[in-house]
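Q: File name work-v7.cif; file contents mmCIF, N, CA and C atoms; full text below.
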data_run
loop_
_atom_site.label_atom_id
_atom_site.label_comp_id
_atom_site.auth_asym_id
_atom_site.auth_seq_id
_atom_site.Cartn_x
_atom_site.Cartn_y
_atom_site.Cartn_z
N MET A 1 93.50 101.71 107.52
CA MET A 1 93.67 101.59 106.09
C MET A 1 92.92 100.36 105.63
N SER A 2 92.03 100.49 104.72
CA SER A 2 91.31 99.34 104.19
C SER A 2 91.64 99.17 102.72
N ALA A 3 91.42 97.97 102.21
CA ALA A 3 91.71 97.67 100.81
C ALA A 3 90.89 98.54 99.88
N VAL A 4 89.72 98.98 100.35
CA VAL A 4 88.88 99.84 99.52
C VAL A 4 89.52 101.21 99.35
N GLU A 5 90.15 101.71 100.41
CA GLU A 5 90.75 103.03 100.34
C GLU A 5 91.99 103.05 99.45
N LEU A 6 92.93 102.15 99.71
CA LEU A 6 94.13 102.06 98.89
C LEU A 6 93.86 101.06 97.78
N ALA A 7 93.50 101.56 96.62
CA ALA A 7 93.10 100.69 95.53
C ALA A 7 93.67 101.18 94.21
N PRO A 8 93.86 100.27 93.26
CA PRO A 8 94.27 100.69 91.94
C PRO A 8 93.34 101.77 91.40
N GLY A 9 93.93 102.71 90.69
CA GLY A 9 93.15 103.79 90.11
C GLY A 9 93.31 105.12 90.82
N LEU A 10 93.73 105.09 92.10
CA LEU A 10 93.99 106.36 92.78
C LEU A 10 95.06 107.11 92.01
N SER A 11 94.90 108.43 91.90
CA SER A 11 95.88 109.19 91.12
C SER A 11 96.18 110.52 91.76
N GLY A 12 97.32 111.06 91.40
CA GLY A 12 97.74 112.37 91.89
C GLY A 12 98.66 113.02 90.89
N GLN A 13 98.81 114.32 91.03
CA GLN A 13 99.73 115.02 90.14
C GLN A 13 100.35 116.21 90.85
N ILE A 14 101.50 116.60 90.34
CA ILE A 14 102.26 117.75 90.83
C ILE A 14 102.58 118.61 89.61
N VAL A 15 102.39 119.90 89.73
CA VAL A 15 102.73 120.82 88.64
C VAL A 15 103.72 121.84 89.17
N THR A 16 104.78 122.08 88.41
CA THR A 16 105.81 123.03 88.81
C THR A 16 106.44 123.63 87.56
N THR A 17 107.26 124.62 87.77
CA THR A 17 108.02 125.24 86.69
C THR A 17 109.50 124.96 86.92
N VAL A 18 110.20 124.56 85.88
CA VAL A 18 111.63 124.26 86.00
C VAL A 18 112.37 125.54 86.38
N GLY A 19 113.00 125.50 87.55
CA GLY A 19 113.80 126.62 88.03
C GLY A 19 115.28 126.27 88.01
N ALA A 20 116.11 127.23 88.33
CA ALA A 20 117.56 127.02 88.32
C ALA A 20 117.97 125.86 89.23
N GLN A 21 117.28 125.69 90.35
CA GLN A 21 117.60 124.62 91.29
C GLN A 21 117.25 123.23 90.77
N ASP A 22 116.47 123.16 89.70
CA ASP A 22 116.02 121.89 89.14
C ASP A 22 116.90 121.38 88.01
N LEU A 23 117.85 122.19 87.58
CA LEU A 23 118.67 121.87 86.42
C LEU A 23 119.72 120.81 86.73
N ALA A 24 120.05 120.01 85.74
CA ALA A 24 121.06 118.97 85.90
C ALA A 24 122.37 119.55 86.42
N CYS A 25 122.75 120.71 85.91
CA CYS A 25 124.02 121.31 86.35
C CYS A 25 123.98 121.74 87.81
N ALA A 26 122.82 122.05 88.34
CA ALA A 26 122.69 122.44 89.75
C ALA A 26 122.62 121.21 90.66
N LEU A 27 122.17 120.09 90.12
CA LEU A 27 121.98 118.87 90.91
C LEU A 27 123.19 117.95 90.87
N GLY A 28 124.16 118.26 90.04
CA GLY A 28 125.32 117.40 89.92
C GLY A 28 125.08 116.17 89.07
N SER A 29 124.03 116.18 88.27
CA SER A 29 123.73 115.02 87.43
C SER A 29 124.09 115.27 85.97
N GLY A 30 124.90 116.27 85.74
CA GLY A 30 125.32 116.63 84.39
C GLY A 30 125.68 118.09 84.36
N ASP A 31 126.07 118.57 83.18
CA ASP A 31 126.45 119.98 83.08
C ASP A 31 125.53 120.78 82.16
N VAL A 32 124.39 120.19 81.83
CA VAL A 32 123.45 120.87 80.94
C VAL A 32 122.39 121.64 81.73
N THR A 33 121.80 122.62 81.09
CA THR A 33 120.82 123.50 81.75
C THR A 33 119.39 123.08 81.40
N VAL A 34 119.08 121.83 81.73
CA VAL A 34 117.73 121.30 81.55
C VAL A 34 117.34 120.55 82.83
N LEU A 35 116.05 120.22 82.95
CA LEU A 35 115.56 119.48 84.11
C LEU A 35 116.43 118.25 84.35
N GLY A 36 116.98 118.15 85.55
CA GLY A 36 117.82 117.01 85.91
C GLY A 36 116.99 115.78 86.20
N THR A 37 117.53 114.64 85.87
CA THR A 37 116.83 113.38 86.12
C THR A 37 116.49 113.20 87.60
N PRO A 38 117.40 113.55 88.54
CA PRO A 38 117.01 113.40 89.96
C PRO A 38 115.78 114.23 90.32
N ARG A 39 115.65 115.41 89.75
CA ARG A 39 114.48 116.25 90.03
C ARG A 39 113.23 115.67 89.38
N MET A 40 113.36 115.11 88.19
CA MET A 40 112.21 114.49 87.54
C MET A 40 111.72 113.31 88.39
N ILE A 41 112.65 112.54 88.93
CA ILE A 41 112.27 111.42 89.79
C ILE A 41 111.58 111.92 91.05
N ALA A 42 112.12 112.98 91.65
CA ALA A 42 111.50 113.54 92.86
C ALA A 42 110.08 114.02 92.58
N LEU A 43 109.86 114.61 91.43
CA LEU A 43 108.51 115.06 91.08
C LEU A 43 107.57 113.87 90.89
N ALA A 44 108.06 112.81 90.25
CA ALA A 44 107.25 111.60 90.08
C ALA A 44 106.89 111.01 91.43
N GLU A 45 107.87 110.97 92.35
CA GLU A 45 107.59 110.45 93.69
C GLU A 45 106.59 111.34 94.43
N ALA A 46 106.71 112.65 94.27
CA ALA A 46 105.76 113.57 94.90
C ALA A 46 104.34 113.31 94.39
N ALA A 47 104.21 112.98 93.12
CA ALA A 47 102.89 112.66 92.57
C ALA A 47 102.34 111.38 93.19
N THR A 48 103.21 110.40 93.49
CA THR A 48 102.73 109.18 94.14
C THR A 48 102.23 109.48 95.54
N VAL A 49 102.94 110.34 96.25
CA VAL A 49 102.52 110.75 97.60
C VAL A 49 101.16 111.44 97.52
N ALA A 50 101.00 112.33 96.55
CA ALA A 50 99.73 113.05 96.38
C ALA A 50 98.59 112.10 96.06
N ALA A 51 98.88 111.01 95.35
CA ALA A 51 97.84 110.07 94.95
C ALA A 51 97.20 109.37 96.14
N ILE A 52 98.00 109.08 97.17
CA ILE A 52 97.46 108.30 98.29
C ILE A 52 97.24 109.09 99.57
N ALA A 53 97.77 110.30 99.63
CA ALA A 53 97.65 111.11 100.86
C ALA A 53 96.21 111.23 101.36
N PRO A 54 95.23 111.45 100.50
CA PRO A 54 93.86 111.63 101.00
C PRO A 54 93.26 110.39 101.67
N VAL A 55 93.81 109.21 101.43
CA VAL A 55 93.20 108.00 101.99
C VAL A 55 94.04 107.32 103.07
N LEU A 56 95.22 107.85 103.36
CA LEU A 56 96.03 107.25 104.42
C LEU A 56 95.45 107.56 105.79
N GLU A 57 95.50 106.56 106.67
CA GLU A 57 95.06 106.76 108.05
C GLU A 57 95.98 107.74 108.75
N ALA A 58 95.46 108.41 109.77
CA ALA A 58 96.28 109.30 110.59
C ALA A 58 97.45 108.50 111.16
N GLY A 59 98.63 109.10 111.16
CA GLY A 59 99.81 108.45 111.69
C GLY A 59 100.54 107.57 110.70
N LYS A 60 99.99 107.42 109.50
CA LYS A 60 100.63 106.61 108.46
C LYS A 60 101.25 107.52 107.40
N THR A 61 102.28 107.00 106.77
CA THR A 61 102.91 107.67 105.63
C THR A 61 103.39 106.58 104.69
N SER A 62 104.01 106.96 103.61
CA SER A 62 104.58 105.95 102.72
C SER A 62 106.03 106.33 102.43
N VAL A 63 106.82 105.31 102.17
CA VAL A 63 108.23 105.51 101.84
C VAL A 63 108.53 104.79 100.53
N GLY A 64 109.40 105.41 99.74
CA GLY A 64 109.78 104.82 98.47
C GLY A 64 110.70 103.64 98.65
N THR A 65 110.50 102.60 97.82
CA THR A 65 111.34 101.41 97.89
C THR A 65 111.98 101.07 96.55
N SER A 66 111.42 101.58 95.46
CA SER A 66 111.97 101.27 94.13
C SER A 66 111.52 102.32 93.13
N VAL A 67 112.44 102.69 92.25
CA VAL A 67 112.13 103.63 91.17
C VAL A 67 112.77 103.10 89.89
N ALA A 68 112.00 103.02 88.82
CA ALA A 68 112.51 102.64 87.51
C ALA A 68 111.90 103.60 86.49
N VAL A 69 112.72 104.53 85.99
CA VAL A 69 112.18 105.54 85.07
C VAL A 69 113.06 105.69 83.84
N ARG A 70 112.45 106.25 82.81
CA ARG A 70 113.16 106.67 81.60
C ARG A 70 113.01 108.18 81.50
N HIS A 71 114.10 108.87 81.24
CA HIS A 71 114.07 110.32 81.00
C HIS A 71 114.22 110.49 79.50
N LEU A 72 113.14 110.91 78.84
CA LEU A 72 113.04 110.84 77.38
C LEU A 72 113.26 112.15 76.64
N ALA A 73 113.08 113.28 77.31
CA ALA A 73 113.17 114.56 76.62
C ALA A 73 113.68 115.63 77.56
N ALA A 74 114.35 116.61 77.00
CA ALA A 74 114.92 117.72 77.77
C ALA A 74 113.89 118.82 77.97
N SER A 75 113.90 119.39 79.19
CA SER A 75 112.99 120.50 79.53
C SER A 75 113.82 121.64 80.11
N PRO A 76 113.92 122.77 79.40
CA PRO A 76 114.74 123.88 79.89
C PRO A 76 114.07 124.66 81.01
N GLN A 77 114.85 125.50 81.63
CA GLN A 77 114.34 126.37 82.69
C GLN A 77 113.15 127.17 82.16
N GLY A 78 112.13 127.31 83.00
CA GLY A 78 110.93 128.05 82.62
C GLY A 78 109.81 127.18 82.10
N ARG A 79 110.10 125.95 81.74
CA ARG A 79 109.09 125.04 81.20
C ARG A 79 108.20 124.53 82.34
N THR A 80 106.90 124.40 82.09
CA THR A 80 105.97 123.83 83.06
C THR A 80 106.06 122.31 83.01
N ILE A 81 106.17 121.70 84.19
CA ILE A 81 106.28 120.25 84.31
C ILE A 81 105.08 119.72 85.09
N THR A 82 104.47 118.67 84.60
CA THR A 82 103.38 117.98 85.30
C THR A 82 103.77 116.53 85.48
N ALA A 83 103.84 116.10 86.74
CA ALA A 83 104.12 114.70 87.07
C ALA A 83 102.82 114.06 87.51
N LYS A 84 102.50 112.91 86.91
CA LYS A 84 101.26 112.20 87.22
C LYS A 84 101.59 110.79 87.69
N ALA A 85 100.82 110.31 88.68
CA ALA A 85 101.00 108.96 89.20
C ALA A 85 99.65 108.29 89.36
N VAL A 86 99.60 107.01 89.05
CA VAL A 86 98.39 106.21 89.22
C VAL A 86 98.78 104.91 89.94
N VAL A 87 98.03 104.57 90.98
CA VAL A 87 98.24 103.29 91.66
C VAL A 87 97.82 102.18 90.70
N THR A 88 98.74 101.25 90.44
CA THR A 88 98.43 100.13 89.55
C THR A 88 98.28 98.81 90.30
N GLU A 89 98.92 98.70 91.48
CA GLU A 89 98.82 97.47 92.27
C GLU A 89 98.84 97.81 93.75
N VAL A 90 98.05 97.07 94.53
CA VAL A 90 98.08 97.15 95.98
C VAL A 90 98.24 95.72 96.50
N ASN A 91 99.31 95.50 97.26
CA ASN A 91 99.56 94.19 97.84
C ASN A 91 99.82 94.41 99.32
N GLY A 92 98.76 94.43 100.11
CA GLY A 92 98.89 94.76 101.53
C GLY A 92 99.33 96.20 101.68
N LYS A 93 100.50 96.40 102.27
CA LYS A 93 101.04 97.75 102.45
C LYS A 93 101.92 98.19 101.30
N ALA A 94 102.19 97.29 100.36
CA ALA A 94 103.04 97.60 99.21
C ALA A 94 102.20 98.14 98.06
N LEU A 95 102.67 99.23 97.48
CA LEU A 95 101.95 99.90 96.40
C LEU A 95 102.86 100.06 95.19
N LYS A 96 102.30 99.88 94.01
CA LYS A 96 103.04 100.12 92.78
C LYS A 96 102.30 101.19 91.98
N PHE A 97 103.06 102.10 91.41
CA PHE A 97 102.51 103.23 90.66
C PHE A 97 103.09 103.27 89.25
N SER A 98 102.28 103.68 88.32
CA SER A 98 102.74 104.07 87.00
C SER A 98 102.92 105.59 87.04
N VAL A 99 104.06 106.09 86.57
CA VAL A 99 104.30 107.53 86.60
C VAL A 99 104.61 108.04 85.20
N GLU A 100 104.17 109.26 84.93
CA GLU A 100 104.48 109.96 83.68
C GLU A 100 104.75 111.41 84.02
N VAL A 101 105.74 111.96 83.33
CA VAL A 101 106.11 113.36 83.51
C VAL A 101 106.03 114.04 82.15
N TYR A 102 105.33 115.17 82.12
CA TYR A 102 105.11 115.92 80.87
C TYR A 102 105.63 117.34 81.02
N ASP A 103 105.97 117.94 79.89
CA ASP A 103 106.15 119.39 79.86
C ASP A 103 105.19 119.94 78.82
N ASP A 104 105.34 121.19 78.47
CA ASP A 104 104.41 121.85 77.54
C ASP A 104 104.37 121.19 76.16
N TYR A 105 105.39 120.39 75.83
CA TYR A 105 105.48 119.81 74.50
C TYR A 105 105.23 118.31 74.45
N GLY A 106 105.01 117.69 75.61
CA GLY A 106 104.72 116.26 75.60
C GLY A 106 105.44 115.49 76.68
N LEU A 107 105.54 114.19 76.47
CA LEU A 107 106.11 113.27 77.45
C LEU A 107 107.60 113.52 77.66
N VAL A 108 107.99 113.67 78.92
CA VAL A 108 109.38 113.88 79.31
C VAL A 108 109.97 112.60 79.89
N GLY A 109 109.16 111.85 80.64
CA GLY A 109 109.65 110.63 81.25
C GLY A 109 108.51 109.75 81.71
N ASP A 110 108.82 108.48 81.94
CA ASP A 110 107.81 107.56 82.44
C ASP A 110 108.48 106.42 83.19
N GLY A 111 107.66 105.63 83.87
CA GLY A 111 108.21 104.50 84.59
C GLY A 111 107.31 104.03 85.71
N THR A 112 107.94 103.40 86.71
CA THR A 112 107.22 102.89 87.86
C THR A 112 107.90 103.30 89.15
N VAL A 113 107.09 103.45 90.18
CA VAL A 113 107.58 103.74 91.52
C VAL A 113 106.86 102.79 92.46
N GLU A 114 107.61 102.24 93.43
CA GLU A 114 107.00 101.40 94.45
C GLU A 114 107.19 102.06 95.81
N ARG A 115 106.16 101.97 96.63
CA ARG A 115 106.17 102.55 97.98
C ARG A 115 105.55 101.55 98.94
N VAL A 116 105.85 101.73 100.22
CA VAL A 116 105.27 100.91 101.28
C VAL A 116 104.67 101.84 102.32
N VAL A 117 103.47 101.52 102.78
CA VAL A 117 102.82 102.29 103.84
C VAL A 117 103.41 101.86 105.18
N VAL A 118 103.81 102.86 105.98
CA VAL A 118 104.43 102.59 107.29
C VAL A 118 103.81 103.50 108.35
N ASP A 119 104.02 103.12 109.60
CA ASP A 119 103.66 103.97 110.72
C ASP A 119 104.72 105.07 110.82
N PHE A 120 104.32 106.32 110.75
CA PHE A 120 105.26 107.44 110.71
C PHE A 120 106.20 107.44 111.91
N ALA A 121 105.65 107.44 113.11
CA ALA A 121 106.47 107.54 114.32
C ALA A 121 107.43 106.36 114.45
N ARG A 122 106.94 105.18 114.18
CA ARG A 122 107.78 103.98 114.30
C ARG A 122 108.91 104.02 113.27
N PHE A 123 108.61 104.45 112.06
CA PHE A 123 109.62 104.54 111.02
C PHE A 123 110.73 105.52 111.41
N VAL A 124 110.32 106.70 111.87
CA VAL A 124 111.31 107.72 112.26
C VAL A 124 112.15 107.22 113.42
N GLU A 125 111.51 106.57 114.38
CA GLU A 125 112.23 106.05 115.56
C GLU A 125 113.29 105.04 115.15
N ARG A 126 112.97 104.19 114.20
CA ARG A 126 113.88 103.12 113.80
C ARG A 126 114.89 103.57 112.75
N ALA A 127 114.70 104.71 112.14
CA ALA A 127 115.53 105.14 111.02
C ALA A 127 117.02 105.23 111.37
N GLY A 128 117.35 105.66 112.58
CA GLY A 128 118.74 105.81 112.95
C GLY A 128 119.37 104.61 113.61
N GLN A 129 118.61 103.55 113.78
CA GLN A 129 119.13 102.38 114.47
C GLN A 129 119.99 101.53 113.53
N PRO A 130 120.99 100.85 114.11
CA PRO A 130 121.83 99.96 113.30
C PRO A 130 120.98 98.87 112.66
N ARG A 131 121.36 98.47 111.47
CA ARG A 131 120.67 97.40 110.77
C ARG A 131 121.43 96.10 110.96
N ALA A 132 120.70 95.04 111.10
CA ALA A 132 121.33 93.71 111.31
C ALA A 132 121.88 93.17 110.01
#
Could you write out this file's structure as structure tokens?

A:
Amino acid sequence: MSAVELAPGLSGQIVTTVGAQDLACALGSGDVTVLGTPRMIALAEAATVAAIAPVLEAGKTSVGTSVAVRHLAASPQGRTITAKAVVTEVNGKALKFSVEVYDDYGLVGDGTVERVVVDFARFVERAGQPRA
């Protein structure tokens, strides 16, 4: 991984359609039949993964460390959702992204996501170990 590869400006997006499994009432985040905030966050994170996947070295992955989002508008089942992410900062292995989520009518949510690049095998190996 070089600083040239992981650089501000890298971007990615995810497009999906709101299904029954994406609704707040299905996710336990409310009782309404619109895109649930947890699903909106997952889509934003997926866009961050898509933004850097093409430049990560073999054996590397990234893990989320912080999410700060606003959910601004309701999106019912059947609505097309596009989550976009742009790398705004690179500090060694730490990455910061600006994220925006849209539906057919405009902005649904926005915010920031932070991720850290890790060695896949080492991360999985240590995941179940007790923490000090």

Q: Run the PyMOL selection byres (((chain A and resi 87 and name CA) around 6) and name CA) on the file and write out the hits as an mmCIF file with N, CA and C atoms, in the coordinates of the input.

A:
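Final file, result28.cif:
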data_model
loop_
_atom_site.group_PDB
_atom_site.id
_atom_site.type_symbol
_atom_site.label_atom_id
_atom_site.label_comp_id
_atom_site.auth_asym_id
_atom_site.auth_seq_id
_atom_site.Cartn_x
_atom_site.Cartn_y
_atom_site.Cartn_z
ATOM 1 N N PRO A 8 93.860 100.270 93.260
ATOM 2 C CA PRO A 8 94.270 100.690 91.940
ATOM 3 C C PRO A 8 93.340 101.770 91.400
ATOM 4 N N GLY A 9 93.930 102.710 90.690
ATOM 5 C CA GLY A 9 93.150 103.790 90.110
ATOM 6 C C GLY A 9 93.310 105.120 90.820
ATOM 7 N N LEU A 10 93.730 105.090 92.100
ATOM 8 C CA LEU A 10 93.990 106.360 92.780
ATOM 9 C C LEU A 10 95.060 107.110 92.010
ATOM 10 N N VAL A 86 99.600 107.010 89.050
ATOM 11 C CA VAL A 86 98.390 106.210 89.220
ATOM 12 C C VAL A 86 98.780 104.910 89.940
ATOM 13 N N THR A 88 98.740 101.250 90.440
ATOM 14 C CA THR A 88 98.430 100.130 89.550
ATOM 15 C C THR A 88 98.280 98.810 90.300
ATOM 16 N N GLU A 89 98.920 98.700 91.480
ATOM 17 C CA GLU A 89 98.820 97.470 92.270
ATOM 18 C C GLU A 89 98.840 97.810 93.750
ATOM 19 N N LYS A 96 102.300 99.880 94.010
ATOM 20 C CA LYS A 96 103.040 100.120 92.780
ATOM 21 C C LYS A 96 102.300 101.190 91.980
ATOM 22 N N PHE A 97 103.060 102.100 91.410
ATOM 23 C CA PHE A 97 102.510 103.230 90.660
ATOM 24 C C PHE A 97 103.090 103.270 89.250
#

Q: Considering only N, CA and C atoms, can you say which of A:Asp119, A:Arg131, A:Val18, A:Asn91 comes closest to Ala58 in chain A?

A: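 Closest to Ala58 in chain A, using only N, CA and C atoms: A:Asp119.
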
Q: Please determine, counting only C-alpha atoms, which residue among A:Ala85, A:Ala7, A:Val108, A:Val99 has the shortest atom-to-atom distance to Gly36 in chain A.

A: A:Val108

Q: Rank nothing, just name the residue among A:Ala73, A:Ala20, A:Ile81, A:Ala42 nearest to Asp103 in chain A, using all atoms listed in the file.

A: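 That would be A:Ile81, the residue with the smallest distance to Asp103 in chain A.
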
Q: For the strand (DSSP E or B) assignment from backbone DSSP, which residues of chain A qualify? Please present them as a VMD selection string.

A: chain A and resid 11 to 17 23 34 to 35 60 to 71 76 80 to 91 94 to 103 106 to 119

Q: For CA of Thr80 in chain A and atom C of Gly111 in chain A, determine how far apart the two atoms are, in Å to one decimal place.

A: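 These atoms are spaced 20.0 Å apart.
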
Q: For a test of reading the model, state the distance in Å between CA of Ser75 in chain A and atom N of Val49 in chain A, rounded to one decimal.

A: 22.0 Å

Q: Mind checking which residues fall within 7 Å of Leu23 in chain A, counting all atoms listed in the file, ignoring those fewer than 5 positions away in the same chain, and posting them as a list in words?

A: Val18, Gly28, Ser29, Gly30, Val32, Thr33, Val34, Leu35, Gly36 and Thr37 of chain A

Q: Kindly indicate which residue among A:Arg79, A:Lys60, A:Lys93, A:Lys84 lies nearest to Ala121 in chain A, using all atoms listed in the file for the distances.

A: A:Lys60

Q: To box range 120-123 of chain A, take all atoms listed in the file, fit an axis-aligned box, add 4 Å on each side, and give centre and edge lengths in Å to one decimal, as JSON.

A:
{"center_x": 107.5, "center_y": 105.8, "center_z": 112.6, "size_x": 14.4, "size_y": 11.6, "size_z": 11.7}

Q: Which value, in Å to one decimal, gives the distance between atom C of Gly128 in chain A and CA of Ser62 in chain A?

A: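 Distance between the two atoms: 18.4 Å.
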
Q: Ranking A:Ala24, A:Val113, A:Ala132, A:Ile14 by minimum distance to Ala68 in chain A and counting only N, CA and C atoms, which one comes first?

A: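 Of all the options, A:Val113 lies closest to Ala68 in chain A.
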
Q: Pick out the closest residue to Met40 in chain A from this set: A:Gly12, A:Ala74, A:Arg115, A:Asp22. Count only N, CA and C atoms.

A: A:Asp22

Q: If the PyMOL selection byres ((chain A and resi 100) around 5) were run on this exact file, what residues would it hold? Put them as a list of chain:residue names.

A: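 Checked against the file, the PyMOL selection byres ((chain A and resi 100) around 5) matches A:Ala83, A:Lys84, A:Ser98, A:Val99, A:Val101, A:Tyr102, A:Gly109, A:Asp110.
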
Q: Next, write the just-selected residues to a file, as a short mmCIF file (atom, residue, chain, number, x, y, z; two decimals), in the coordinates of the input, keeping N, CA and C atoms as the atom set.

A:
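Result written to again.cif:
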data_model
loop_
_atom_site.label_atom_id
_atom_site.label_comp_id
_atom_site.auth_asym_id
_atom_site.auth_seq_id
_atom_site.Cartn_x
_atom_site.Cartn_y
_atom_site.Cartn_z
N ALA A 83 103.84 116.10 86.74
CA ALA A 83 104.12 114.70 87.07
C ALA A 83 102.82 114.06 87.51
N LYS A 84 102.50 112.91 86.91
CA LYS A 84 101.26 112.20 87.22
C LYS A 84 101.59 110.79 87.69
N SER A 98 102.28 103.68 88.32
CA SER A 98 102.74 104.07 87.00
C SER A 98 102.92 105.59 87.04
N VAL A 99 104.06 106.09 86.57
CA VAL A 99 104.30 107.53 86.60
C VAL A 99 104.61 108.04 85.20
N VAL A 101 105.74 111.96 83.33
CA VAL A 101 106.11 113.36 83.51
C VAL A 101 106.03 114.04 82.15
N TYR A 102 105.33 115.17 82.12
CA TYR A 102 105.11 115.92 80.87
C TYR A 102 105.63 117.34 81.02
N GLY A 109 109.16 111.85 80.64
CA GLY A 109 109.65 110.63 81.25
C GLY A 109 108.51 109.75 81.71
N ASP A 110 108.82 108.48 81.94
CA ASP A 110 107.81 107.56 82.44
C ASP A 110 108.48 106.42 83.19
#

Q: Looking only at helix (DSSP H, G or I) from DSSP on the backbone, list the matching residues of chain A as JSON, numbers by chain.

A: {"A": [20, 21, 22, 24, 25, 26, 27, 37, 38, 39, 40, 41, 42, 43, 44, 45, 46, 47, 48, 49, 50, 51, 52, 53, 54, 55, 120, 121, 122, 123, 124, 125, 126, 127]}

Q: Evaluate the PyMOL selection byres (((chain A and resi 54 and name CA) around 10) and name CA) and record the selected residues as a PyMOL selection string, following the chain and residue labels used in the document.

A: chain A and resi 5-6+10+12+49-53+55-57

Q: Output range 72-78 of chain A from the block with all heavy atoms, as a compact mmCIF listing (two decimals), in the first residue's frame?

A:
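The file below, decode17.txt, is the result:
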# COMPACT_ATOMS: atom_id res chain seq x y z
N LEU A 72 -31.84 12.11 6.94
CA LEU A 72 -32.59 13.34 6.70
C LEU A 72 -33.96 13.16 6.05
O LEU A 72 -34.79 14.06 6.14
CB LEU A 72 -31.75 14.27 5.81
CG LEU A 72 -30.37 14.62 6.37
CD1 LEU A 72 -29.53 15.29 5.30
CD2 LEU A 72 -30.51 15.48 7.60
N ALA A 73 -34.17 12.04 5.37
CA ALA A 73 -35.43 11.86 4.64
C ALA A 73 -35.81 10.40 4.60
O ALA A 73 -34.96 9.52 4.64
CB ALA A 73 -35.28 12.40 3.21
N ALA A 74 -37.10 10.15 4.53
CA ALA A 74 -37.63 8.79 4.50
C ALA A 74 -37.67 8.26 3.07
O ALA A 74 -38.01 8.98 2.13
CB ALA A 74 -39.04 8.77 5.09
N SER A 75 -37.32 6.96 2.93
CA SER A 75 -37.33 6.29 1.62
C SER A 75 -38.14 5.01 1.76
O SER A 75 -37.71 4.07 2.43
CB SER A 75 -35.91 5.96 1.16
OG SER A 75 -35.14 7.13 1.03
N PRO A 76 -39.31 4.93 1.12
CA PRO A 76 -40.15 3.73 1.24
C PRO A 76 -39.63 2.56 0.42
O PRO A 76 -38.74 2.71 -0.43
CB PRO A 76 -41.50 4.21 0.71
CG PRO A 76 -41.17 5.30 -0.24
CD PRO A 76 -39.94 5.96 0.30
N GLN A 77 -40.20 1.41 0.69
CA GLN A 77 -39.86 0.20 -0.06
C GLN A 77 -40.05 0.46 -1.56
O GLN A 77 -40.99 1.13 -1.97
CB GLN A 77 -40.75 -0.96 0.38
CG GLN A 77 -40.34 -2.28 -0.20
CD GLN A 77 -41.06 -3.44 0.47
OE1 GLN A 77 -41.66 -3.30 1.52
NE2 GLN A 77 -40.98 -4.60 -0.16
N GLY A 78 -39.12 -0.05 -2.35
CA GLY A 78 -39.17 0.13 -3.81
C GLY A 78 -38.34 1.29 -4.31
O GLY A 78 -38.05 1.36 -5.51
